[in-house]
$ cat protein_1.txt   # compact mmCIF, C-alpha atoms and all ligand atoms
# COMPACT_ATOMS: atom_id res chain seq x y z
CA MET A 1 4.95 32.72 21.85
CA THR A 2 5.53 30.94 18.55
CA ASP A 3 2.94 29.05 16.46
CA ARG A 4 5.64 27.29 14.43
CA VAL A 5 5.15 23.54 14.08
CA LEU A 6 7.29 20.96 12.32
CA VAL A 7 5.04 18.23 10.88
CA LEU A 8 6.55 14.81 10.20
CA ASN A 9 4.89 12.09 8.15
CA LEU A 10 6.82 8.83 7.92
CA GLY A 11 5.82 6.08 5.51
CA SER A 12 7.39 2.65 5.19
CA SER A 13 10.46 4.07 3.36
CA SER A 14 9.86 7.80 3.15
CA LEU A 15 9.77 10.97 5.25
CA LYS A 16 7.71 14.02 4.36
CA TYR A 17 7.98 17.19 6.42
CA ARG A 18 6.63 20.70 6.53
CA LEU A 19 7.54 23.65 8.74
CA LEU A 20 4.49 25.86 9.08
CA ASP A 21 2.51 28.24 11.20
CA GLY A 22 -0.12 26.08 12.92
CA ALA A 23 -2.51 29.02 13.27
CA THR A 24 -2.43 30.36 9.71
CA GLY A 25 -1.22 27.32 7.76
CA VAL A 26 1.49 29.38 6.05
CA ALA A 27 4.41 27.08 5.21
CA GLU A 28 8.04 28.16 5.52
CA ALA A 29 9.52 25.02 3.97
CA THR A 30 8.51 21.54 2.83
CA GLY A 31 10.56 18.51 1.93
CA SER A 32 10.83 14.79 1.55
CA VAL A 33 13.27 11.92 1.71
CA GLU A 34 12.20 9.04 -0.56
CA ARG A 35 13.62 5.49 -0.70
CA ILE A 36 15.15 5.41 2.79
CA GLY A 37 17.36 2.31 3.20
CA GLU A 38 17.76 1.73 -0.55
CA ASP A 39 20.97 2.32 -2.55
CA SER A 40 20.14 5.89 -3.34
CA ALA A 41 17.55 8.14 -1.67
CA THR A 42 16.12 11.34 -3.15
CA LEU A 43 16.15 14.34 -0.81
CA MET A 44 14.08 17.37 -1.68
CA HIS A 45 13.87 20.60 0.32
CA SER A 46 11.66 23.37 -0.97
CA VAL A 47 11.94 26.90 0.40
CA GLY A 48 11.12 30.33 -1.01
CA GLY A 49 10.01 28.88 -4.36
CA HIS A 50 13.29 26.94 -4.85
CA ASP A 51 13.58 23.14 -4.84
CA HIS A 52 16.92 21.77 -3.60
CA THR A 53 17.28 18.14 -4.67
CA GLU A 54 20.05 15.63 -4.07
CA GLU A 55 20.57 11.88 -4.35
CA ARG A 56 22.50 9.92 -1.74
CA HIS A 57 22.32 6.89 0.50
CA VAL A 58 20.14 7.39 3.58
CA THR A 59 20.47 4.47 5.99
CA ASP A 60 17.42 4.78 8.24
CA PHE A 61 14.80 7.14 9.69
CA GLU A 62 17.31 8.80 12.02
CA ASP A 63 19.61 9.49 9.07
CA ALA A 64 16.60 10.80 7.10
CA LEU A 65 15.55 13.20 9.85
CA ARG A 66 19.14 14.37 10.37
CA SER A 67 19.38 14.98 6.59
CA ALA A 68 16.19 17.07 6.74
CA LEU A 69 17.59 19.15 9.63
CA ASP A 70 20.82 19.55 7.67
CA ALA A 71 18.76 20.85 4.70
CA PHE A 72 17.19 23.43 7.03
CA ASP A 73 20.71 24.47 8.15
CA ARG A 74 22.01 24.77 4.58
CA HIS A 75 19.01 26.19 2.72
CA GLY A 76 16.97 27.74 5.54
CA PRO A 77 14.93 28.70 7.31
CA ALA A 78 16.89 28.16 10.52
CA ILE A 79 15.03 26.00 13.02
CA ASP A 80 15.96 27.35 16.37
CA ARG A 81 14.62 24.60 18.58
CA ASP A 82 13.47 27.14 21.17
CA ASP A 83 11.33 28.60 18.46
CA LEU A 84 9.21 25.49 17.74
CA ALA A 85 5.85 25.18 19.50
CA ALA A 86 5.62 21.47 18.70
CA VAL A 87 6.58 18.64 16.42
CA GLY A 88 3.39 17.09 15.00
CA HIS A 89 3.47 13.44 13.94
CA ARG A 90 1.04 11.64 11.69
CA VAL A 91 0.37 8.22 13.22
CA VAL A 92 -1.75 5.93 11.08
CA HIS A 93 -3.43 3.59 13.56
CA GLY A 94 -4.62 4.57 17.01
CA GLY A 95 -7.04 1.61 17.30
CA ASP A 96 -9.96 2.44 19.58
CA LEU A 97 -7.64 4.06 22.13
CA PHE A 98 -7.27 7.56 20.72
CA ALA A 99 -10.09 9.90 19.77
CA GLU A 100 -7.87 12.97 20.22
CA PRO A 101 -4.26 13.94 19.53
CA VAL A 102 -1.89 13.30 22.45
CA VAL A 103 1.50 14.44 23.74
CA VAL A 104 4.12 11.75 23.13
CA ASP A 105 5.68 10.08 26.17
CA ASP A 106 7.08 6.62 26.91
CA ARG A 107 3.63 5.23 27.70
CA LEU A 108 2.32 6.41 24.35
CA LEU A 109 5.25 4.73 22.56
CA ASP A 110 4.36 1.42 24.26
CA THR A 111 0.71 1.83 23.25
CA VAL A 112 1.55 2.55 19.60
CA GLU A 113 3.78 -0.52 19.69
CA ASP A 114 0.84 -2.61 20.97
CA LEU A 115 -1.16 -1.43 17.96
CA VAL A 116 1.42 -2.62 15.38
CA PRO A 117 -0.57 -5.81 14.56
CA LEU A 118 -3.42 -3.56 13.35
CA ALA A 119 -1.14 -1.58 10.99
CA PRO A 120 1.97 -3.66 10.31
CA LEU A 121 2.97 -1.55 7.29
CA HIS A 122 2.59 1.88 8.88
CA ASN A 123 2.81 1.94 12.66
CA PRO A 124 6.44 0.64 12.89
CA ALA A 125 7.62 3.58 10.73
CA ASN A 126 5.51 6.04 12.72
CA LEU A 127 6.91 4.63 15.96
CA GLU A 128 10.47 4.96 14.74
CA GLY A 129 9.73 8.56 13.71
CA LEU A 130 8.43 9.34 17.20
CA ARG A 131 11.52 7.83 18.85
CA VAL A 132 13.99 9.60 16.57
CA ALA A 133 12.24 12.96 16.93
CA LEU A 134 12.23 12.60 20.73
CA ARG A 135 16.02 12.11 20.58
CA LEU A 136 16.62 15.02 18.18
CA PHE A 137 14.16 17.47 19.78
CA PRO A 138 14.23 16.51 23.47
CA ASP A 139 12.92 19.89 24.63
CA VAL A 140 10.12 20.38 22.09
CA PRO A 141 6.64 18.92 22.83
CA GLN A 142 5.83 16.09 20.41
CA VAL A 143 2.22 15.43 19.51
CA ALA A 144 0.83 12.30 17.83
CA VAL A 145 -2.18 12.87 15.56
CA PHE A 146 -3.95 9.66 14.57
CA ASP A 147 -5.55 8.99 11.17
CA THR A 148 -8.18 6.88 12.89
CA ALA A 149 -9.12 9.38 15.65
CA PHE A 150 -11.80 11.31 13.73
CA HIS A 151 -13.82 8.13 13.20
CA GLN A 152 -13.96 7.15 16.88
CA THR A 153 -17.40 8.82 17.00
CA MET A 154 -18.90 6.16 14.71
CA PRO A 155 -21.87 4.40 16.33
CA GLU A 156 -21.42 0.75 17.25
CA HIS A 157 -23.76 -0.48 14.50
CA ALA A 158 -21.56 1.26 11.89
CA TYR A 159 -18.19 0.02 13.12
CA THR A 160 -19.17 -3.55 13.99
CA TYR A 161 -18.51 -6.40 11.55
CA ALA A 162 -20.91 -9.34 11.77
CA VAL A 163 -18.29 -11.77 13.10
CA PRO A 164 -17.97 -13.88 16.27
CA VAL A 165 -17.75 -12.02 19.55
CA ALA A 166 -14.24 -13.33 20.34
CA TRP A 167 -12.83 -11.76 17.19
CA ARG A 168 -14.29 -8.44 18.18
CA GLU A 169 -13.44 -8.50 21.88
CA LYS A 170 -10.05 -10.23 21.91
CA HIS A 171 -8.64 -9.23 18.53
CA ARG A 172 -10.09 -5.71 18.10
CA ILE A 173 -11.68 -6.67 14.77
CA ARG A 174 -13.94 -3.76 13.82
CA ARG A 175 -14.05 -0.86 11.39
CA TYR A 176 -11.69 1.99 12.33
CA GLY A 177 -11.43 4.20 9.23
CA PHE A 178 -8.56 6.41 8.05
CA HIS A 179 -7.88 9.84 6.43
CA GLY A 180 -9.21 11.36 9.67
CA THR A 181 -7.09 14.53 9.61
CA SER A 182 -8.30 15.21 6.07
CA TYR A 183 -11.95 14.73 7.07
CA ALA A 184 -11.58 17.03 10.08
CA PHE A 185 -10.07 19.78 7.93
CA VAL A 186 -12.43 19.42 4.98
CA SER A 187 -15.61 19.20 7.09
CA ARG A 188 -14.76 22.47 8.83
CA ARG A 189 -13.91 24.23 5.55
CA ALA A 190 -17.11 22.91 3.94
CA ALA A 191 -19.18 24.34 6.81
CA GLU A 192 -17.47 27.73 6.33
CA LEU A 193 -18.33 27.61 2.64
CA LEU A 194 -21.95 26.69 3.45
CA ASP A 195 -21.89 29.59 5.93
CA ARG A 196 -23.24 27.62 8.87
CA PRO A 197 -21.78 26.10 12.05
CA VAL A 198 -20.21 22.70 11.43
CA GLU A 199 -22.55 21.33 14.16
CA ASP A 200 -25.47 22.01 11.78
CA THR A 201 -24.12 20.19 8.75
CA ASN A 202 -24.69 16.76 7.22
CA LEU A 203 -21.94 15.93 4.76
CA VAL A 204 -20.78 13.09 2.55
CA VAL A 205 -17.05 13.69 2.14
CA LEU A 206 -15.14 11.89 -0.60
CA HIS A 207 -11.36 11.81 -0.09
CA LEU A 208 -10.20 10.58 -3.50
CA GLY A 209 -6.41 10.45 -3.71
CA ASN A 210 -4.03 7.58 -4.27
CA GLY A 211 -5.74 6.06 -1.27
CA ALA A 212 -9.46 6.81 -1.32
CA SER A 213 -12.32 6.71 1.15
CA ALA A 214 -15.74 8.18 1.84
CA ALA A 215 -17.22 9.39 5.12
CA ALA A 216 -20.65 10.34 6.40
CA VAL A 217 -20.15 13.31 8.72
CA ARG A 218 -22.99 14.61 10.92
CA GLY A 219 -22.35 17.80 12.88
CA GLY A 220 -18.61 17.57 12.24
CA ARG A 221 -18.43 14.00 13.62
CA SER A 222 -17.91 10.83 11.63
CA VAL A 223 -20.88 8.45 11.63
CA ASP A 224 -19.56 6.04 9.00
CA THR A 225 -16.59 5.58 6.71
CA SER A 226 -15.63 3.19 3.95
CA MET A 227 -12.21 2.03 5.14
CA GLY A 228 -12.33 -0.61 7.84
CA LEU A 229 -9.88 -2.52 10.03
CA THR A 230 -7.34 -1.72 7.33
CA PRO A 231 -7.15 0.85 4.52
CA LEU A 232 -8.10 -1.83 1.96
CA GLU A 233 -11.89 -1.71 2.30
CA GLY A 234 -14.22 0.62 0.40
CA LEU A 235 -13.60 2.63 -2.74
CA VAL A 236 -11.42 1.64 -5.70
CA MET A 237 -7.93 3.15 -5.19
CA GLY A 238 -4.71 3.57 -7.16
CA THR A 239 -3.44 0.07 -6.42
CA ARG A 240 -5.95 -1.25 -3.82
CA SER A 241 -9.11 -3.17 -4.68
CA GLY A 242 -11.46 -1.68 -2.11
CA ASP A 243 -14.58 -3.78 -1.37
CA LEU A 244 -14.61 -7.40 -2.46
CA ASP A 245 -16.10 -10.70 -1.43
CA PRO A 246 -14.14 -11.80 1.67
CA ALA A 247 -14.24 -15.38 0.35
CA ILE A 248 -11.87 -14.38 -2.48
CA HIS A 249 -8.91 -14.94 -0.12
CA GLY A 250 -9.88 -18.58 0.45
CA HIS A 251 -10.70 -19.10 -3.20
CA LEU A 252 -7.30 -17.81 -4.39
CA HIS A 253 -5.55 -19.90 -1.76
CA ARG A 254 -7.37 -23.10 -2.74
CA GLU A 255 -7.34 -22.58 -6.50
CA LEU A 256 -3.87 -21.09 -7.00
CA GLY A 257 -2.10 -22.13 -3.80
CA TRP A 258 -1.25 -18.50 -3.05
CA SER A 259 -0.02 -17.60 0.44
CA LEU A 260 -1.74 -14.91 2.50
CA GLU A 261 1.22 -12.58 1.88
CA GLU A 262 0.87 -13.04 -1.90
CA ILE A 263 -2.86 -12.38 -1.77
CA ASP A 264 -2.42 -9.29 0.45
CA ARG A 265 0.24 -7.96 -1.86
CA ALA A 266 -1.96 -8.42 -4.93
CA LEU A 267 -4.90 -6.67 -3.27
CA TYR A 268 -2.85 -3.78 -1.84
CA ARG A 269 -0.32 -3.22 -4.62
CA GLU A 270 -1.54 -4.75 -7.88
CA SER A 271 -5.29 -4.08 -7.86
CA GLY A 272 -7.47 -0.96 -8.10
CA LEU A 273 -6.84 1.23 -11.15
CA LEU A 274 -3.50 -0.52 -11.69
CA GLY A 275 -5.15 -3.93 -11.85
CA LEU A 276 -7.96 -2.74 -14.09
CA ALA A 277 -6.09 -0.45 -16.49
CA GLY A 278 -2.36 -1.08 -15.92
CA ALA A 279 -1.93 2.47 -14.54
CA ASN A 280 -2.50 3.77 -11.02
CA ASP A 281 -2.43 7.44 -12.01
CA PHE A 282 -5.97 8.75 -12.47
CA ARG A 283 -4.82 11.35 -15.02
CA GLU A 284 -3.43 8.62 -17.25
CA VAL A 285 -6.63 6.58 -16.88
CA THR A 286 -8.81 9.53 -17.91
CA GLN A 287 -6.54 10.47 -20.83
CA ARG A 288 -6.58 6.91 -22.16
CA ARG A 289 -10.34 6.71 -21.66
CA ALA A 290 -10.79 9.89 -23.68
CA ALA A 291 -8.77 8.24 -26.46
CA GLY A 292 -11.13 5.24 -26.45
CA ASP A 293 -9.01 2.72 -24.48
CA GLU A 294 -11.36 -0.07 -23.26
CA ALA A 295 -9.48 -1.09 -20.11
CA ALA A 296 -9.19 2.55 -18.99
CA THR A 297 -12.91 3.07 -19.67
CA LEU A 298 -13.82 0.08 -17.53
CA ALA A 299 -11.45 1.23 -14.75
CA PHE A 300 -13.03 4.70 -14.76
CA ASP A 301 -16.55 3.26 -14.75
CA VAL A 302 -15.86 0.86 -11.86
CA TYR A 303 -14.23 3.69 -9.89
CA ALA A 304 -17.04 6.20 -10.50
CA TYR A 305 -19.78 3.65 -9.85
CA ARG A 306 -18.25 2.70 -6.49
CA VAL A 307 -18.12 6.37 -5.47
CA ARG A 308 -21.76 6.80 -6.52
CA LYS A 309 -22.88 3.79 -4.47
CA TYR A 310 -21.22 5.17 -1.34
CA VAL A 311 -22.84 8.58 -1.86
CA GLY A 312 -26.24 6.85 -1.95
CA ALA A 313 -25.46 4.66 1.05
CA TYR A 314 -24.23 7.55 3.20
CA TYR A 315 -27.12 9.80 2.15
CA ALA A 316 -29.40 7.10 3.56
CA ALA A 317 -27.21 6.69 6.65
CA LEU A 318 -27.41 10.43 7.39
CA GLY A 319 -31.12 10.73 6.50
CA GLU A 320 -30.59 14.30 5.33
CA LEU A 321 -27.76 15.83 3.37
CA ASP A 322 -26.44 19.38 2.98
CA ALA A 323 -23.42 18.74 0.76
CA VAL A 324 -21.33 16.21 -1.09
CA VAL A 325 -17.71 17.31 -0.73
CA PHE A 326 -14.87 16.23 -3.02
CA THR A 327 -11.22 16.35 -1.93
CA GLY A 328 -7.86 14.60 -2.64
CA GLY A 329 -5.97 14.72 -5.96
CA VAL A 330 -8.76 13.05 -7.95
CA GLY A 331 -11.64 14.71 -6.11
CA GLN A 332 -10.13 18.18 -6.41
CA HIS A 333 -8.99 17.98 -10.02
CA SER A 334 -11.11 15.53 -12.00
CA ALA A 335 -14.28 17.28 -13.18
CA VAL A 336 -15.14 14.28 -15.35
CA LEU A 337 -15.08 11.93 -12.34
CA ARG A 338 -17.22 14.29 -10.23
CA ALA A 339 -19.77 14.49 -13.04
CA ALA A 340 -19.83 10.72 -13.60
CA ALA A 341 -20.26 10.02 -9.88
CA LEU A 342 -23.19 12.44 -9.38
CA ASP A 343 -24.83 12.62 -12.79
CA GLY A 344 -28.61 12.04 -12.91
CA LEU A 345 -29.27 12.40 -9.16
CA SER A 346 -31.67 15.34 -9.35
CA ARG A 347 -34.41 13.24 -7.70
CA LEU A 348 -32.08 13.10 -4.70
CA GLY A 349 -31.71 16.88 -4.83
CA ILE A 350 -28.18 16.79 -6.26
CA VAL A 351 -27.77 18.98 -9.35
CA MET A 352 -24.30 19.81 -10.68
CA ASP A 353 -23.46 22.94 -12.69
CA ALA A 354 -21.35 21.79 -15.64
CA GLN A 355 -19.58 25.10 -16.11
CA ARG A 356 -18.67 25.48 -12.42
CA ASN A 357 -17.59 21.85 -12.30
CA GLU A 358 -15.26 22.23 -15.25
CA ALA A 359 -13.75 25.60 -14.24
CA ARG A 360 -10.12 25.18 -13.18
CA SER A 361 -9.44 26.43 -9.69
CA PHE A 362 -7.41 25.58 -6.60
CA ASP A 363 -9.90 27.27 -4.27
CA ALA A 364 -12.65 25.75 -2.15
CA ARG A 365 -15.83 26.24 -4.20
CA PHE A 366 -19.37 25.24 -5.14
CA VAL A 367 -19.77 23.11 -8.27
CA SER A 368 -23.54 22.57 -7.85
CA ALA A 369 -26.30 24.56 -9.54
CA ASP A 370 -27.86 27.42 -7.56
CA GLY A 371 -31.15 25.57 -7.12
CA SER A 372 -29.58 22.28 -5.96
CA ASP A 373 -31.00 21.19 -2.56
CA VAL A 374 -27.74 19.44 -1.82
CA ALA A 375 -24.62 21.50 -2.46
CA VAL A 376 -21.68 19.91 -4.24
CA LEU A 377 -18.36 21.33 -3.06
CA VAL A 378 -14.70 20.95 -3.95
CA VAL A 379 -12.50 21.59 -0.91
CA PRO A 380 -8.72 21.18 -1.18
CA THR A 381 -7.48 19.22 1.83
CA ASP A 382 -4.43 20.16 3.89
CA GLU A 383 -3.49 17.32 6.22
CA GLU A 384 -0.22 18.92 7.35
CA TRP A 385 -1.98 22.09 8.45
CA GLU A 386 -4.60 20.05 10.31
CA ILE A 387 -1.85 18.08 12.11
CA ALA A 388 -0.09 21.36 12.99
CA ARG A 389 -3.36 22.94 14.14
CA GLN A 390 -4.22 19.96 16.36
CA ALA A 391 -0.67 19.76 17.74
CA LEU A 392 -0.77 23.44 18.61
CA ALA A 393 -4.16 23.06 20.32
CA VAL A 394 -2.85 20.18 22.48
CA VAL A 395 0.30 22.08 23.45
CA ARG A 396 -1.63 25.27 24.27
CA GLY A 397 -4.20 23.27 26.24
CA ALA A 398 -1.43 21.63 28.25
CA GLN A 399 0.31 24.94 29.06
P1 LIG A 401 -3.24 12.44 -3.84
O1 LIG A 401 -2.91 11.10 -3.23
O2 LIG A 401 -4.31 13.18 -3.09
O3 LIG A 401 -2.03 13.28 -4.11
O4 LIG A 401 -3.90 12.15 -5.29
C1 LIG A 401 -3.18 11.49 -6.30
C2 LIG A 401 -4.13 11.15 -7.44
O5 LIG A 401 -4.74 12.34 -7.95
C3 LIG A 401 -3.41 10.49 -8.62
O6 LIG A 401 -4.16 9.38 -9.09
C4 LIG A 401 -3.41 11.59 -9.66
O7 LIG A 401 -3.43 11.07 -10.97
C5 LIG A 401 -4.72 12.30 -9.35
N1 LIG A 401 -4.72 13.63 -9.97
C6 LIG A 401 -3.92 14.68 -9.70
N2 LIG A 401 -4.18 15.70 -10.55
C7 LIG A 401 -5.18 15.29 -11.36
C8 LIG A 401 -5.91 15.88 -12.45
N3 LIG A 401 -5.64 17.11 -12.87
N4 LIG A 401 -6.88 15.15 -13.04
C9 LIG A 401 -7.15 13.90 -12.63
N5 LIG A 401 -6.50 13.29 -11.62
C10 LIG A 401 -5.53 13.97 -10.99
$ encode --input "protein_1.txt" --output "structure tokens" --more "lines below"
Ligand code: AMP
Amino acid sequence: MTDRVLVLNLGSSSLKYRLLDGATGVAEATGSVERIGEDSATLMHSVGGHDHTEERHVTDFEDALRSALDAFDRHGPAIDRDDLAAVGHRVVHGGDLFAEPVVVDDRLLDTVEDLVPLAPLHNPANLEGLRVALRLFPDVPQVAVFDTAFHQTMPEHAYTYAVPVAWREKHRIRRYGFHGTSYAFVSRRAAELLDRPVEDTNLVVLHLGNGASAAAVRGGRSVDTSMGLTPLEGLVMGTRSGDLDPAIHGHLHRELGWSLEEIDRALYRESGLLGLAGANDFREVTQRRAAGDEAATLAFDVYAYRVRKYVGAYYAALGELDAVVFTGGVGQHSAVLRAAALDGLSRLGIVMDAQRNEARSFDARFVSADGSDVAVLVVPTDEEWEIARQALAVVRGAQ
């Protein structure tokens, strides 16, 4: 019996894939197709330490997936379709319908289609990926793993917005949360590091990547998270604003005559670090800050302060806290951000160790001082492995 899983992650114009062992996480190959549908797409297939890159036109998702399979044929490893336990798909929005991963069938496709209004940028691409993969791998079980699923355990008072009942009941307006596969993976790893069962842990997990969110996780289950109906709410991100006064939409519309599409675009694509400092890459922001750049300093301060506020809020939400856990590109690699976010919180039992925090490492590790009541951890996330692991569990459970 094989544990091999092909994980597919389709964005609005890109495909990322990884062939890996769902039990051990060991990858055989990874790759991506960027700029699908544009004049020239970049295809990258990485195997055995070699990157094979080419540029050519890729018409649509089917063409992209066929190109990926072609790369497996040419550069290896061979994917014998009898030797795949599952294809695991990242699906962004499962609404309040999916708390677990599920095997893909026609009914599921219809349901994901019904959820498109909740995630108009992401779910259509995910849906297309599911359809194409069903055509190309008709005999391999396909499993959908939802970004929102982990947060379905949030209590009603945490996911409810204070809006009229009709909005909530007819239009599904509530907080859903995202980055769920990352939180599932990181919470389990954090518990291992703390050397206790995940059921006995209270964690604030900070997933700080290009997109960024925070979650309060009690006993391995989400009790609150900073992203809401959409992935715009919460922390400052690369190009997204995070929290703001909801009346800003109306204000911009009245004052500048902007359409809703223009306002959405500005808040999703032109705000966050990009809006504050003119750069969405956190490395560039920190380098410019170190050189005394004022806009980069403000961007860093706004970002770190927002993280700090959520740590405080989720500490209170949980009532007791075992660890603050950093993950994502920024969380894993920026010692200066971790220090700025948690500096001066010894009265809350959070004491960082400067040397541990600044040590360069790719391993899961403690960065708090030995006497700190609350541990501070850095745990590299691995969303593809989590998708593969969950897909494998569903397939094995169904056998
Ligand atoms: P992700 O979406 O998880 O890949 O994270 C991307 C973000 O992590 C980008 O803003 C990067 O600039 C940031 N990042 C990656 N490496 C570093 C680093 N060494 N120091 C600071 N930020 C980093």
$ closest_residue --input "protein_1.txt" --among "A:Val104, A:Leu208, A:Leu318, A:Ala296" --to "Ser334 in chain A" --atoms "all atoms listed in the file"
A:Leu208
$ atom_distance --input "protein_1.txt" --atom1 "CA of Val87 in chain A" --atom2 "CA of Arg107 in chain A"
17.8 Å
$ closest_residue --input "protein_1.txt" --among "A:Thr286, A:Thr201, A:Ser241, A:Asn9" --to "Ala335 in chain A" --atoms "all atoms listed in the file"
A:Thr286
$ residues_around --input "protein_1.txt" --residues "Ala119 in chain A" --least-positions-apart "6" --cutoff "10 Å" --atoms "all atoms listed in the file" --output "compact mmCIF listing (two decimals) with C-alpha atoms, keeping the file's coordinate frame"
# COMPACT_ATOMS: atom_id res chain seq x y z
CA VAL A 92 -1.75 5.93 11.08
CA HIS A 93 -3.43 3.59 13.56
CA GLY A 94 -4.62 4.57 17.01
CA GLY A 95 -7.04 1.61 17.30
CA VAL A 112 1.55 2.55 19.60
CA LEU A 229 -9.88 -2.52 10.03
CA THR A 230 -7.34 -1.72 7.33
CA PRO A 231 -7.15 0.85 4.52
$ closest_atom_pairs --input "protein_1.txt" --of "chain A" --to "ligand LIG 401 (chain A)" --cutoff "9 Å" --atoms "all atoms listed in the file" --output "CSV"
residue,atom,partner,partner_atom,distance
A:His207,CA,A:LIG401,O2,7.8
A:Leu208,CA,A:LIG401,O2,6.5
A:Gly209,CA,A:LIG401,O4,3.4
A:Asn210,CA,A:LIG401,O1,3.8
A:Gly211,CA,A:LIG401,O1,6.1
A:Ala212,CA,A:LIG401,O1,8.1
A:Met237,CA,A:LIG401,O6,8.3
A:Gly238,CA,A:LIG401,O6,6.1
A:Leu273,CA,A:LIG401,O6,8.8
A:Asn280,CA,A:LIG401,O6,6.2
A:Asp281,CA,A:LIG401,O7,3.9
A:Phe282,CA,A:LIG401,O7,3.8
A:Arg283,CA,A:LIG401,C9,4.2
A:Glu284,CA,A:LIG401,O7,6.7
A:Val285,CA,A:LIG401,O7,8.1
A:Thr286,CA,A:LIG401,C9,7.1
A:Gln287,CA,A:LIG401,C9,8.9
A:Thr327,CA,A:LIG401,O2,7.7
A:Gly328,CA,A:LIG401,O2,3.8
A:Gly329,CA,A:LIG401,O5,3.3
A:Val330,CA,A:LIG401,O5,4.1
A:Gly331,CA,A:LIG401,O5,7.5
A:Gln332,CA,A:LIG401,C7,7.6
A:His333,CA,A:LIG401,C8,4.4
A:Ser334,CA,A:LIG401,C9,4.3
A:Ala335,CA,A:LIG401,N4,7.7
A:Val336,CA,A:LIG401,C9,8.4
A:Leu337,CA,A:LIG401,C9,8.2
A:Thr381,CA,A:LIG401,O2,8.4
$ write_last_selection --input "protein_1.txt" --atoms "C-alpha atoms" --output "PDB file, in the frame of the given file"
ATOM      1  CA  HIS A 207     -11.360  11.810  -0.090  1.00  0.00           C
ATOM      2  CA  LEU A 208     -10.200  10.580  -3.500  1.00  0.00           C
ATOM      3  CA  GLY A 209      -6.410  10.450  -3.710  1.00  0.00           C
ATOM      4  CA  ASN A 210      -4.030   7.580  -4.270  1.00  0.00           C
ATOM      5  CA  GLY A 211      -5.740   6.060  -1.270  1.00  0.00           C
ATOM      6  CA  ALA A 212      -9.460   6.810  -1.320  1.00  0.00           C
ATOM      7  CA  MET A 237      -7.930   3.150  -5.190  1.00  0.00           C
ATOM      8  CA  GLY A 238      -4.710   3.570  -7.160  1.00  0.00           C
ATOM      9  CA  LEU A 273      -6.840   1.230 -11.150  1.00  0.00           C
ATOM     10  CA  ASN A 280      -2.500   3.770 -11.020  1.00  0.00           C
ATOM     11  CA  ASP A 281      -2.430   7.440 -12.010  1.00  0.00           C
ATOM     12  CA  PHE A 282      -5.970   8.750 -12.470  1.00  0.00           C
ATOM     13  CA  ARG A 283      -4.820  11.350 -15.020  1.00  0.00           C
ATOM     14  CA  GLU A 284      -3.430   8.620 -17.250  1.00  0.00           C
ATOM     15  CA  VAL A 285      -6.630   6.580 -16.880  1.00  0.00           C
ATOM     16  CA  THR A 286      -8.810   9.530 -17.910  1.00  0.00           C
ATOM     17  CA  GLN A 287      -6.540  10.470 -20.830  1.00  0.00           C
ATOM     18  CA  THR A 327     -11.220  16.350  -1.930  1.00  0.00           C
ATOM     19  CA  GLY A 328      -7.860  14.600  -2.640  1.00  0.00           C
ATOM     20  CA  GLY A 329      -5.970  14.720  -5.960  1.00  0.00           C
ATOM     21  CA  VAL A 330      -8.760  13.050  -7.950  1.00  0.00           C
ATOM     22  CA  GLY A 331     -11.640  14.710  -6.110  1.00  0.00           C
ATOM     23  CA  GLN A 332     -10.130  18.180  -6.410  1.00  0.00           C
ATOM     24  CA  HIS A 333      -8.990  17.980 -10.020  1.00  0.00           C
ATOM     25  CA  SER A 334     -11.110  15.530 -12.000  1.00  0.00           C
ATOM     26  CA  ALA A 335     -14.280  17.280 -13.180  1.00  0.00           C
ATOM     27  CA  VAL A 336     -15.140  14.280 -15.350  1.00  0.00           C
ATOM     28  CA  LEU A 337     -15.080  11.930 -12.340  1.00  0.00           C
ATOM     29  CA  THR A 381      -7.480  19.220   1.830  1.00  0.00           C
TER      30      THR A 381
END
$ residues_near_point --input "protein_1.txt" --point "(-18.0, 17.7, 12.7)" --cutoff "8 Å" --atoms "all atoms listed in the file" --output "list in words"
Ala184, Ser187, Arg188, Val198, Glu199, Thr201, Val217, Arg218, Gly219, Gly220, Arg221 and Ser222 of chain A
$ atom_distance --input "protein_1.txt" --atom1 "CA of Ser13 in chain A" --atom2 "CA of Phe362 in chain A"
29.7 Å
$ residues_around --input "protein_1.txt" --residues "range 342-356 of chain A" --least-positions-apart "3" --cutoff "8 Å" --atoms "all atoms listed in the file" --output "mmCIF file with C-alpha atoms, in the frame of the given file"
data_model
loop_
_atom_site.group_PDB
_atom_site.id
_atom_site.type_symbol
_atom_site.label_atom_id
_atom_site.label_comp_id
_atom_site.auth_asym_id
_atom_site.auth_seq_id
_atom_site.Cartn_x
_atom_site.Cartn_y
_atom_site.Cartn_z
ATOM 1 C CA ARG A 308 -21.760 6.800 -6.520
ATOM 2 C CA ARG A 338 -17.220 14.290 -10.230
ATOM 3 C CA ALA A 339 -19.770 14.490 -13.040
ATOM 4 C CA ALA A 359 -13.750 25.600 -14.240
ATOM 5 C CA PHE A 366 -19.370 25.240 -5.140
ATOM 6 C CA VAL A 367 -19.770 23.110 -8.270
ATOM 7 C CA SER A 368 -23.540 22.570 -7.850
ATOM 8 C CA ALA A 369 -26.300 24.560 -9.540
ATOM 9 C CA GLY A 371 -31.150 25.570 -7.120
ATOM 10 C CA SER A 372 -29.580 22.280 -5.960
ATOM 11 C CA ASP A 373 -31.000 21.190 -2.560
ATOM 12 C CA VAL A 374 -27.740 19.440 -1.820
ATOM 13 C CA ALA A 375 -24.620 21.500 -2.460
ATOM 14 C CA VAL A 376 -21.680 19.910 -4.240
#
$ atom_distance --input "protein_1.txt" --atom1 "CA of Val163 in chain A" --atom2 "CA of Pro246 in chain A"
12.2 Å
